[in-house]
Structures are given as C-alpha cells and as structure tokens.
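Quick notes on the structure that follows.
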Amino acid sequence: MTAARVVPIVIIGALVMFRVLRRARPQQVRPRRIAIGTAIIGVVLLLAIASSAPILVSSPLGLALAPVALAAGCGIGWLLVKAVRFYPHPETGELWMRGDAVFIAVILATVLLRIGVQYAAGGPATAGTTSLTHPTPLRVISSDLIFLSAGMWLTRGALLLVHHRRHQAGQQSKVDAPESQR
C-alpha cells in the first residue's frame, strides 16, 4: 500500500473520529445547522451515486440492491435517532441531544464497511479503468453502500428536524396555556 492510498484513509479516519467524538457530547439541536449539514451530505452522496452509476447500471445485482440498501439506510437512520437522548436545557428550555455508544458504533461501522469493501474491491474506481465496465460483486456492493449511507443520513436529518419541531410546538403550547393549566 502506497502513501497515496494511506494518507487519504488516515485523514478521513481522523475527520470521522473528530465528528463522532463531537456527536457524543451534549449539543443543542440547531435546525438550520442540521438542514445545511444534511443538504451538504445529500449533495456529496448524490455525486458519489452519479460517479458509481456506470457500475450500478452495468449490473443487475447493483440495480436490484440499490432500493434495498436505501430502505436499510432509512431504517438505520431511524435507529440512530432512537439512540439519541433528547432533553430540554434546564435553564433555557432549548432542545439538546446526546448520542450514545450505539450511535457512535453505527456511524463508525457504516463508514468502515464502505471503505473496507471499496478497498477489498481494489480501491476506488476511476474513469478509464475496466472496473467501471466490468464491475465485480464487491465493487457493486460498495456502490450500493452509498445508497445505504444516503438513506441513513437523510432519514437522520429529517427526524432530528421533526424532533425539534415537536419540541418547539410543545414549548409554544406551554406559553399559550392559560395560567390555571401551568
């Protein structure tokens, strides 16, 4: 393995670890940040899907597994949000969240699985290589894992926004309630 292959893995690994450790800390639920982050991840994943389209299109297995992977990703995204603890800040009433060990394990497992399968298949496919025209089963599975990631991240973002909206509605109903009901 050359330095050109190791350095990106180390950089990606460090960034993932930084983000995962940050997610494990309590943090305020910020809907704008969640929406922007989900949109950025969605665009990146859309670009990844577009770049792997030749692999998916040339393989019936890839086309058949894509919706299954997307549905599985949506289920994982739902589980991720279920593993997050939501609570109102005692002083401000703002909604806060904290991920737990399951949250961290799922994120790391999906990232490591995708990278592991991709490198087991011979590394990233590039334009002009035979890997795009004659995909191996591992390369097809690696491409379908992008759909899993897309379902997971988009579902997670949407459900976090739903939690925030419900919290805001609950806060508003407390303000609007008559004095005798408080």
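Ligands are numbered from 1 in the order shown, residues from 1 within each chain, and chains are lettered A, B, ... in the order they appear in the structure tokens.
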- Fewer than 6 positions away in the same chain doesn't count, so skip those; otherwise give me all residues within 12 Å of Ala158 (chain A), counting only C-alpha atoms, as a list in words. Pro31, Arg32, Ile34, Ala35, Ile36, Gly37, Thr38, Ala39, Gly42, Cys74, Gly77, Trp78, Leu80, Val81, Gly151, Met152, His164 and Arg165 of chain A
Produce a table with one row for each residue of region 52-125 of chain A that has an atom at most 8 Å from any atom of region 12-20 of chain A, each row naming the nearest atom pair and its distance in Å at one decimal; use only C-alpha atoms; arrange rows by chain and rising residue number; format as JSON lines.
{"residue": "A:Ile104", "atom": "CA", "partner": "A:Val20", "partner_atom": "CA", "distance": 6.1}
{"residue": "A:Ile107", "atom": "CA", "partner": "A:Val20", "partner_atom": "CA", "distance": 7.7}
{"residue": "A:Leu108", "atom": "CA", "partner": "A:Val16", "partner_atom": "CA", "distance": 7.8}
Kindly provide the residues of region 14-35 of chain A that approach region 87-101 of chain A to within 8 Å, each paired with its closest atom pair and their distance in Å to one decimal, based on only C-alpha atoms, listed by chain and increasing number, as a tab-separated table.
residue	atom	partner	partner_atom	distance
A:Arg23	CA	A:Gly99	CA	6.0
A:Ala24	CA	A:Gly99	CA	4.8
A:Arg25	CA	A:Arg98	CA	5.9
A:Pro26	CA	A:Arg98	CA	4.5
A:Gln27	CA	A:Trp96	CA	5.5
A:Gln28	CA	A:Trp96	CA	4.2
A:Val29	CA	A:Trp96	CA	5.2
- Query: Closest to Gln118 (chain A) among A:Ser52, A:Ser59, A:Gln172, A:Thr155, using only C-alpha atoms?
  - Reply: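 Closest candidate: A:Ser52.
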- Message: Which residues are close to Ala66 (chain A), i.e. within 10 Å by only C-alpha atoms, leaving aside same-chain residues fewer than 6 positions away? Reply as a list of chain:residue names.
- Response: A:Leu56, A:Ala72, A:Val140, A:Ile141, A:Ser143, A:Asp144, A:Leu145, A:Ile146, A:Phe147, A:Leu148
Print the selection's residues with N, CA, C and O atoms to a file, as a short mmCIF file (atom, residue, chain, number, x, y, z; two decimals), in the first residue's frame.
data_model
loop_
_atom_site.label_atom_id
_atom_site.label_comp_id
_atom_site.auth_asym_id
_atom_site.auth_seq_id
_atom_site.Cartn_x
_atom_site.Cartn_y
_atom_site.Cartn_z
N LEU A 56 -23.43 0.56 -11.31
CA LEU A 56 -24.78 0.14 -10.98
C LEU A 56 -25.57 -0.24 -12.23
O LEU A 56 -26.29 -1.24 -12.24
N ALA A 72 -32.75 0.00 3.88
CA ALA A 72 -31.97 -0.37 5.06
C ALA A 72 -31.34 0.86 5.70
O ALA A 72 -31.31 1.00 6.93
N VAL A 140 -19.83 -3.58 -6.82
CA VAL A 140 -21.27 -3.30 -6.88
C VAL A 140 -21.81 -3.07 -5.47
O VAL A 140 -22.56 -2.12 -5.22
N ILE A 141 -21.41 -3.92 -4.54
CA ILE A 141 -21.87 -3.76 -3.15
C ILE A 141 -21.35 -2.44 -2.58
O ILE A 141 -22.07 -1.73 -1.88
N SER A 143 -20.80 0.27 -4.20
CA SER A 143 -21.63 1.33 -4.78
C SER A 143 -23.01 1.37 -4.12
O SER A 143 -23.55 2.45 -3.87
N ASP A 144 -23.56 0.20 -3.83
CA ASP A 144 -24.87 0.17 -3.17
C ASP A 144 -24.80 0.67 -1.73
O ASP A 144 -25.79 1.16 -1.20
N LEU A 145 -23.63 0.57 -1.11
CA LEU A 145 -23.50 1.10 0.25
C LEU A 145 -23.64 2.63 0.27
O LEU A 145 -23.93 3.20 1.31
N ILE A 146 -23.45 3.27 -0.87
CA ILE A 146 -23.69 4.72 -0.95
C ILE A 146 -25.18 4.98 -0.71
O ILE A 146 -25.55 5.93 -0.02
N PHE A 147 -26.04 4.13 -1.26
CA PHE A 147 -27.48 4.27 -1.05
C PHE A 147 -27.83 4.05 0.42
O PHE A 147 -28.69 4.73 0.98
N LEU A 148 -27.14 3.09 1.05
CA LEU A 148 -27.35 2.87 2.48
C LEU A 148 -27.00 4.13 3.27
O LEU A 148 -27.77 4.57 4.12
#
- Task: Mind giving me the straight-line distance from CA of Val102 (chain A) to CA of Val84 (chain A) in Å, one decimal?
- Result: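 If I compute the distance from CA of Val102 (chain A) to CA of Val84 (chain A), I get 8.8 Å.
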- Task: Would you mind reading off the distance between CA of Leu65 (chain A) and CA of Pro8 (chain A), one decimal, in Å?
- Result: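 Those two atoms sit 27.9 Å apart.
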- Enumerate as a PyMOL selection string all residues of region 36-135 of chain A assigned to strand (DSSP E) by DSSP on the backbone, naming them with the chain letters and numbers the document uses. chain A and resi 85-88+95-98
- Task: Give me, please, the distance in Å between CA of Arg114 (chain A) and CA of Ala150 (chain A), quoted to one decimal.
- Result: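 Taking CA of Arg114 (chain A) and CA of Ala150 (chain A), their separation equals 12.3 Å.
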